[in-house]
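File shown here: protein.pdb, holding PDB, C-alpha atoms, pLDDT in the B column.
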```
ATOM      1  CA  ILE U  19       5.774   8.933   5.627  1.00 68.00           C
ATOM      2  CA  ALA U  20       6.008  12.709   5.988  1.00 77.00           C
ATOM      3  CA  VAL U  21       3.211  12.770   8.558  1.00 85.00           C
ATOM      4  CA  SER U  22       4.798  10.075  10.729  1.00 87.00           C
ATOM      5  CA  ARG U  23       8.176  11.823  10.544  1.00 85.00           C
ATOM      6  CA  ALA U  24       6.595  15.144  11.446  1.00 86.00           C
ATOM      7  CA  ILE U  25       4.842  13.586  14.428  1.00 91.00           C
ATOM      8  CA  GLY U  26       8.059  11.882  15.552  1.00 91.00           C
ATOM      9  CA  TRP U  27      10.011  15.123  15.207  1.00 89.00           C
ATOM     10  CA  ALA U  28       7.363  17.064  17.131  1.00 91.00           C
ATOM     11  CA  HIS U  29       7.367  14.496  19.933  1.00 93.00           C
ATOM     12  CA  ASP U  30      11.183  14.378  20.104  1.00 93.00           C
ATOM     13  CA  ASN U  31      11.238  18.166  20.410  1.00 93.00           C
ATOM     14  CA  GLY U  32       8.659  18.382  23.194  1.00 95.00           C
ATOM     15  CA  HIS U  33       5.607  19.431  21.200  1.00 94.00           C
ATOM     16  CA  THR U  34       2.213  18.072  22.229  1.00 94.00           C
ATOM     17  CA  GLU U  35      -0.059  19.871  19.759  1.00 95.00           C
ATOM     18  CA  ILE U  36       0.499  19.298  16.063  1.00 93.00           C
ATOM     19  CA  GLN U  37      -1.249  20.876  13.095  1.00 92.00           C
ATOM     20  CA  ILE U  38      -0.766  19.386   9.653  1.00 89.00           C
ATOM     21  CA  PHE U  39      -2.006  21.097   6.515  1.00 87.00           C
ATOM     22  CA  THR U  40      -2.621  19.229   3.281  1.00 86.00           C
ATOM     23  CA  ASP U  41      -4.145  19.909  -0.095  1.00 85.00           C
ATOM     24  CA  SER U  42      -5.762  16.457  -0.054  1.00 88.00           C
ATOM     25  CA  GLN U  43      -9.388  16.582   1.018  1.00 92.00           C
ATOM     26  CA  LEU U  44      -9.459  12.789   0.825  1.00 91.00           C
ATOM     27  CA  VAL U  45      -6.714  12.426   3.445  1.00 89.00           C
ATOM     28  CA  VAL U  46      -8.439  14.898   5.768  1.00 92.00           C
ATOM     29  CA  LYS U  47     -11.805  13.168   5.431  1.00 94.00           C
ATOM     30  CA  GLN U  48     -10.273   9.719   5.967  1.00 92.00           C
ATOM     31  CA  PHE U  49      -8.347  10.934   9.019  1.00 90.00           C
ATOM     32  CA  ASN U  50     -11.513  12.499  10.449  1.00 91.00           C
ATOM     33  CA  LYS U  51     -13.455   9.297   9.691  1.00 90.00           C
ATOM     34  CA  GLU U  52     -15.831  11.072   7.331  1.00 94.00           C
ATOM     35  CA  TYR U  53     -14.755   8.640   4.598  1.00 93.00           C
ATOM     36  CA  ARG U  54     -13.783   5.016   4.957  1.00 93.00           C
ATOM     37  CA  ALA U  55     -10.069   4.477   4.369  1.00 89.00           C
ATOM     38  CA  ASN U  56      -8.871   1.829   1.932  1.00 87.00           C
ATOM     39  CA  SER U  57      -6.746  -0.988   3.377  1.00 85.00           C
ATOM     40  CA  SER U  58      -3.352   0.678   2.884  1.00 83.00           C
ATOM     41  CA  MET U  59      -4.583   4.019   4.216  1.00 89.00           C
ATOM     42  CA  ALA U  60      -6.307   2.303   7.143  1.00 92.00           C
ATOM     43  CA  GLY U  61      -2.984   0.784   8.219  1.00 91.00           C
ATOM     44  CA  PHE U  62      -1.286   4.146   7.960  1.00 90.00           C
ATOM     45  CA  LEU U  63      -4.024   5.836   9.995  1.00 92.00           C
ATOM     46  CA  MET U  64      -3.819   3.138  12.666  1.00 92.00           C
ATOM     47  CA  ALA U  65      -0.054   3.710  12.976  1.00 93.00           C
ATOM     48  CA  ILE U  66      -0.547   7.498  13.215  1.00 93.00           C
ATOM     49  CA  ASN U  67      -3.281   7.135  15.835  1.00 93.00           C
ATOM     50  CA  LYS U  68      -1.089   4.753  17.839  1.00 95.00           C
ATOM     51  CA  MET U  69       1.724   7.334  17.939  1.00 94.00           C
ATOM     52  CA  VAL U  70      -0.686  10.124  18.867  1.00 95.00           C
ATOM     53  CA  ASN U  71      -2.272   8.082  21.670  1.00 95.00           C
ATOM     54  CA  GLU U  72       0.966   6.638  23.077  1.00 96.00           C
ATOM     55  CA  TRP U  73       2.623  10.044  23.178  1.00 95.00           C
ATOM     56  CA  ASN U  74      -0.534  11.867  24.350  1.00 95.00           C
ATOM     57  CA  LEU U  75      -0.471  14.271  21.416  1.00 95.00           C
ATOM     58  CA  ARG U  76      -3.200  16.406  19.955  1.00 95.00           C
ATOM     59  CA  LEU U  77      -3.176  16.178  16.161  1.00 95.00           C
ATOM     60  CA  THR U  78      -5.300  18.093  13.699  1.00 94.00           C
ATOM     61  CA  ILE U  79      -5.129  17.694   9.950  1.00 93.00           C
ATOM     62  CA  SER U  80      -6.656  20.502   7.922  1.00 92.00           C
ATOM     63  CA  TRP U  81      -7.333  20.990   4.236  1.00 92.00           C
ATOM     64  CA  VAL U  82      -6.061  24.010   2.339  1.00 88.00           C
ATOM     65  CA  PRO U  83      -6.553  24.565  -1.391  1.00 87.00           C
ATOM     66  CA  ARG U  84      -3.642  23.663  -3.636  1.00 82.00           C
ATOM     67  CA  GLN U  85      -3.652  27.265  -4.896  1.00 86.00           C
ATOM     68  CA  ASN U  86      -2.723  28.465  -1.397  1.00 84.00           C
ATOM     69  CA  LYS U  87       0.689  30.170  -1.508  1.00 88.00           C
ATOM     70  CA  PHE U  88       1.805  28.366   1.674  1.00 83.00           C
ATOM     71  CA  ILE U  89       1.088  24.969   0.093  1.00 81.00           C
ATOM     72  CA  GLN U  90       2.878  25.910  -3.110  1.00 85.00           C
ATOM     73  CA  GLU U  91       5.970  27.046  -1.183  1.00 88.00           C
ATOM     74  CA  ALA U  92       5.940  23.941   1.029  1.00 83.00           C
ATOM     75  CA  ASP U  93       5.644  21.662  -2.008  1.00 81.00           C
ATOM     76  CA  ALA U  94       8.513  23.426  -3.753  1.00 87.00           C
ATOM     77  CA  TYR U  95      10.680  23.209  -0.623  1.00 84.00           C
ATOM     78  CA  GLY U  96       9.932  19.510  -0.202  1.00 79.00           C
ATOM     79  CA  ARG U  97      10.735  18.774  -3.851  1.00 83.00           C
ATOM     80  CA  ARG U  98      14.062  20.648  -3.545  1.00 87.00           C
ATOM     81  CA  CYS U  99      14.981  18.650  -0.442  1.00 81.00           C
ATOM     82  CA  ILE U 100      14.119  15.354  -2.128  1.00 81.00           C
ATOM     83  CA  LYS U 101      16.037  16.301  -5.268  1.00 86.00           C
ATOM     84  CA  ASN U 102      19.112  17.369  -3.261  1.00 84.00           C
ATOM     85  CA  GLY U 103      18.897  14.532  -0.741  1.00 80.00           C
ATOM     86  CA  THR U 104      18.744  16.954   2.182  1.00 76.00           C
ATOM     87  CA  ALA U 105      16.721  16.796   5.350  1.00 69.00           C
ATOM     88  CA  ILE U 106      13.622  18.906   5.712  1.00 62.00           C
ATOM     89  CA  GLU U 107      14.007  21.174   8.726  1.00 61.00           C
TER      90      GLU U 107
END
```
This structure in structure tokens:
Amino acid sequence: IAVSRAIGWAHDNGHTEIQIFTDSQLVVKQFNKEYRANSSMAGFLMAINKMVNEWNLRLTISWVPRQNKFIQEADAYGRRCIKNGTAIE
């Protein structure tokens, strides 16, 4: 859900190149077609690719270790927003 919202936000705000960072190697490898996606992930990836293609976007998804300070701060920020019911900006 976060990825599709990020892509939608980027498109709505005129961005054409999007970089997403995740601590999930599995997601990165499935997105890059190094691993076969299970049925629920395959549907998600098809929806993401449809958005990217329809809006002529360039999307890269990169892995960063969970110990990375950026990832830890982003996770904490996301959890605070979810807990408080606020939008992530």
Pull out every residue that the PyMOL selection byres ((chain U and resi 77) around 6) matches in the shown coordinates and put them as a PyMOL selection string.
chain U and resi 36-37+76+78
Using C-alpha atoms, can you export the residues from the last selection as an mmCIF file, in the coordinates of the input?
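Output (part.cif):
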```cif
data_model
loop_
_atom_site.group_PDB
_atom_site.id
_atom_site.type_symbol
_atom_site.label_atom_id
_atom_site.label_comp_id
_atom_site.auth_asym_id
_atom_site.auth_seq_id
_atom_site.Cartn_x
_atom_site.Cartn_y
_atom_site.Cartn_z
ATOM 1 C CA ILE U 36 0.499 19.298 16.063
ATOM 2 C CA GLN U 37 -1.249 20.876 13.095
ATOM 3 C CA ARG U 76 -3.200 16.406 19.955
ATOM 4 C CA THR U 78 -5.300 18.093 13.699
#
```
Picked residues, the PyMOL selection byres ((chain U and resi 48) around 12), as a ChimeraX atom specification:
/U:42-47,49-64,79-81
To one decimal in Å, tell me the separation between atom CA of Ser22 of chain U and atom CA of Asn102 of chain U.
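If I compute the distance from atom CA of Ser22 of chain U to atom CA of Asn102 of chain U, I get 21.3 Å.
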Atom CA of Met69 of chain U to atom CA of His29 of chain U, distance in Å rounded to a single decimal:
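Atom CA of Met69 of chain U sits 9.3 Å away from atom CA of His29 of chain U.
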Computed interatomic separation between atom CA of Pro83 of chain U and atom CA of Thr104 of chain U (Å)
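According to the coordinates, atom CA of Pro83 of chain U and atom CA of Thr104 of chain U are separated by 26.7 Å.
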Spatial neighbours of segment 93-101 of chain U, 12 Å, all atoms listed in the file, chain gap at least 3 places, as a count of residues only:
15
How big is the axis-aligned box around the listed atoms of segment 70-82 of chain U once 5 Å is added on each side, and where is its centre? Give both in Å to one decimal, as lines of an AutoDock Vina configuration file.
```
center_x = -2.4
center_y = 15.3
center_z = 13.3
size_x = 20.0
size_y = 27.4
size_z = 32.0
```
Could you give me segment 76-87 of chain U completed to all heavy atoms, formatted as an mmCIF file, in the coordinates of the input?
```
data_model
loop_
_atom_site.group_PDB
_atom_site.id
_atom_site.type_symbol
_atom_site.label_atom_id
_atom_site.label_comp_id
_atom_site.auth_asym_id
_atom_site.auth_seq_id
_atom_site.Cartn_x
_atom_site.Cartn_y
_atom_site.Cartn_z
ATOM 1 N N ARG U 76 -1.971 15.921 20.573
ATOM 2 C CA ARG U 76 -3.200 16.406 19.955
ATOM 3 C C ARG U 76 -2.862 16.749 18.505
ATOM 4 O O ARG U 76 -2.049 17.634 18.230
ATOM 5 C CB ARG U 76 -3.700 17.645 20.685
ATOM 6 C CG ARG U 76 -5.025 18.103 20.149
ATOM 7 C CD ARG U 76 -5.607 19.185 21.019
ATOM 8 N NE ARG U 76 -6.374 20.061 20.138
ATOM 9 C CZ ARG U 76 -6.581 21.321 20.361
ATOM 10 N NH1 ARG U 76 -6.099 21.894 21.431
ATOM 11 N NH2 ARG U 76 -7.273 22.036 19.525
ATOM 12 N N LEU U 77 -3.476 16.023 17.580
ATOM 13 C CA LEU U 77 -3.176 16.178 16.161
ATOM 14 C C LEU U 77 -4.406 16.629 15.409
ATOM 15 O O LEU U 77 -5.483 16.053 15.564
ATOM 16 C CB LEU U 77 -2.694 14.835 15.588
ATOM 17 C CG LEU U 77 -2.483 14.765 14.076
ATOM 18 C CD1 LEU U 77 -1.354 15.694 13.639
ATOM 19 C CD2 LEU U 77 -2.186 13.331 13.657
ATOM 20 N N THR U 78 -4.238 17.682 14.612
ATOM 21 C CA THR U 78 -5.300 18.093 13.699
ATOM 22 C C THR U 78 -4.715 18.128 12.296
ATOM 23 O O THR U 78 -3.565 18.540 12.096
ATOM 24 C CB THR U 78 -5.884 19.482 14.044
ATOM 25 O OG1 THR U 78 -4.822 20.434 14.077
ATOM 26 C CG2 THR U 78 -6.575 19.471 15.387
ATOM 27 N N ILE U 79 -5.515 17.652 11.355
ATOM 28 C CA ILE U 79 -5.129 17.694 9.950
ATOM 29 C C ILE U 79 -6.188 18.518 9.230
ATOM 30 O O ILE U 79 -7.373 18.209 9.303
ATOM 31 C CB ILE U 79 -5.013 16.282 9.351
ATOM 32 C CG1 ILE U 79 -3.922 15.494 10.086
ATOM 33 C CG2 ILE U 79 -4.698 16.359 7.861
ATOM 34 C CD1 ILE U 79 -3.706 14.091 9.564
ATOM 35 N N SER U 80 -5.738 19.563 8.569
ATOM 36 C CA SER U 80 -6.656 20.502 7.922
ATOM 37 C C SER U 80 -6.371 20.598 6.431
ATOM 38 O O SER U 80 -5.226 20.500 5.990
ATOM 39 C CB SER U 80 -6.503 21.902 8.529
ATOM 40 O OG SER U 80 -6.728 21.863 9.916
ATOM 41 N N TRP U 81 -7.452 20.831 5.681
ATOM 42 C CA TRP U 81 -7.333 20.990 4.236
ATOM 43 C C TRP U 81 -7.134 22.452 3.877
ATOM 44 O O TRP U 81 -7.760 23.332 4.460
ATOM 45 C CB TRP U 81 -8.596 20.468 3.550
ATOM 46 C CG TRP U 81 -8.588 20.699 2.080
ATOM 47 C CD1 TRP U 81 -7.888 19.989 1.152
ATOM 48 C CD2 TRP U 81 -9.280 21.721 1.367
ATOM 49 N NE1 TRP U 81 -8.117 20.502 -0.102
ATOM 50 C CE2 TRP U 81 -8.971 21.579 -0.003
ATOM 51 C CE3 TRP U 81 -10.138 22.748 1.746
ATOM 52 C CZ2 TRP U 81 -9.481 22.402 -0.982
ATOM 53 C CZ3 TRP U 81 -10.651 23.585 0.767
ATOM 54 C CH2 TRP U 81 -10.317 23.398 -0.583
ATOM 55 N N VAL U 82 -6.231 22.692 2.945
ATOM 56 C CA VAL U 82 -6.061 24.010 2.339
ATOM 57 C C VAL U 82 -5.995 23.807 0.822
ATOM 58 O O VAL U 82 -5.447 22.807 0.349
ATOM 59 C CB VAL U 82 -4.793 24.745 2.836
ATOM 60 C CG1 VAL U 82 -4.978 25.325 4.204
ATOM 61 C CG2 VAL U 82 -3.580 23.859 2.799
ATOM 62 N N PRO U 83 -6.565 24.721 0.068
ATOM 63 C CA PRO U 83 -6.553 24.565 -1.391
ATOM 64 C C PRO U 83 -5.135 24.543 -1.952
ATOM 65 O O PRO U 83 -4.242 25.209 -1.430
ATOM 66 C CB PRO U 83 -7.300 25.798 -1.900
ATOM 67 C CG PRO U 83 -8.013 26.353 -0.727
ATOM 68 C CD PRO U 83 -7.270 25.919 0.487
ATOM 69 N N ARG U 84 -4.954 23.767 -2.987
ATOM 70 C CA ARG U 84 -3.642 23.663 -3.636
ATOM 71 C C ARG U 84 -3.147 25.023 -4.119
ATOM 72 O O ARG U 84 -1.940 25.265 -4.183
ATOM 73 C CB ARG U 84 -3.740 22.690 -4.811
ATOM 74 C CG ARG U 84 -2.415 22.455 -5.478
ATOM 75 C CD ARG U 84 -2.477 21.270 -6.388
ATOM 76 N NE ARG U 84 -2.574 20.085 -5.530
ATOM 77 C CZ ARG U 84 -2.909 18.885 -5.961
ATOM 78 N NH1 ARG U 84 -3.172 18.688 -7.223
ATOM 79 N NH2 ARG U 84 -2.989 17.874 -5.137
ATOM 80 N N GLN U 85 -4.046 25.938 -4.417
ATOM 81 C CA GLN U 85 -3.652 27.265 -4.896
ATOM 82 C C GLN U 85 -3.101 28.143 -3.775
ATOM 83 O O GLN U 85 -2.551 29.209 -4.037
ATOM 84 C CB GLN U 85 -4.850 27.979 -5.545
ATOM 85 C CG GLN U 85 -5.381 27.292 -6.769
ATOM 86 C CD GLN U 85 -6.292 26.100 -6.438
ATOM 87 O OE1 GLN U 85 -6.663 25.872 -5.295
ATOM 88 N NE2 GLN U 85 -6.626 25.318 -7.450
ATOM 89 N N ASN U 86 -3.217 27.705 -2.542
ATOM 90 C CA ASN U 86 -2.723 28.465 -1.397
ATOM 91 C C ASN U 86 -1.209 28.647 -1.521
ATOM 92 O O ASN U 86 -0.471 27.696 -1.755
ATOM 93 C CB ASN U 86 -3.089 27.707 -0.112
ATOM 94 C CG ASN U 86 -2.629 28.403 1.135
ATOM 95 O OD1 ASN U 86 -1.434 28.444 1.419
ATOM 96 N ND2 ASN U 86 -3.563 28.916 1.896
ATOM 97 N N LYS U 87 -0.743 29.870 -1.355
ATOM 98 C CA LYS U 87 0.689 30.170 -1.508
ATOM 99 C C LYS U 87 1.546 29.358 -0.534
ATOM 100 O O LYS U 87 2.618 28.890 -0.882
ATOM 101 C CB LYS U 87 0.923 31.667 -1.318
ATOM 102 C CG LYS U 87 2.340 32.097 -1.575
ATOM 103 C CD LYS U 87 2.486 33.598 -1.491
ATOM 104 C CE LYS U 87 3.914 34.027 -1.611
ATOM 105 N NZ LYS U 87 4.396 34.149 -2.966
#
```
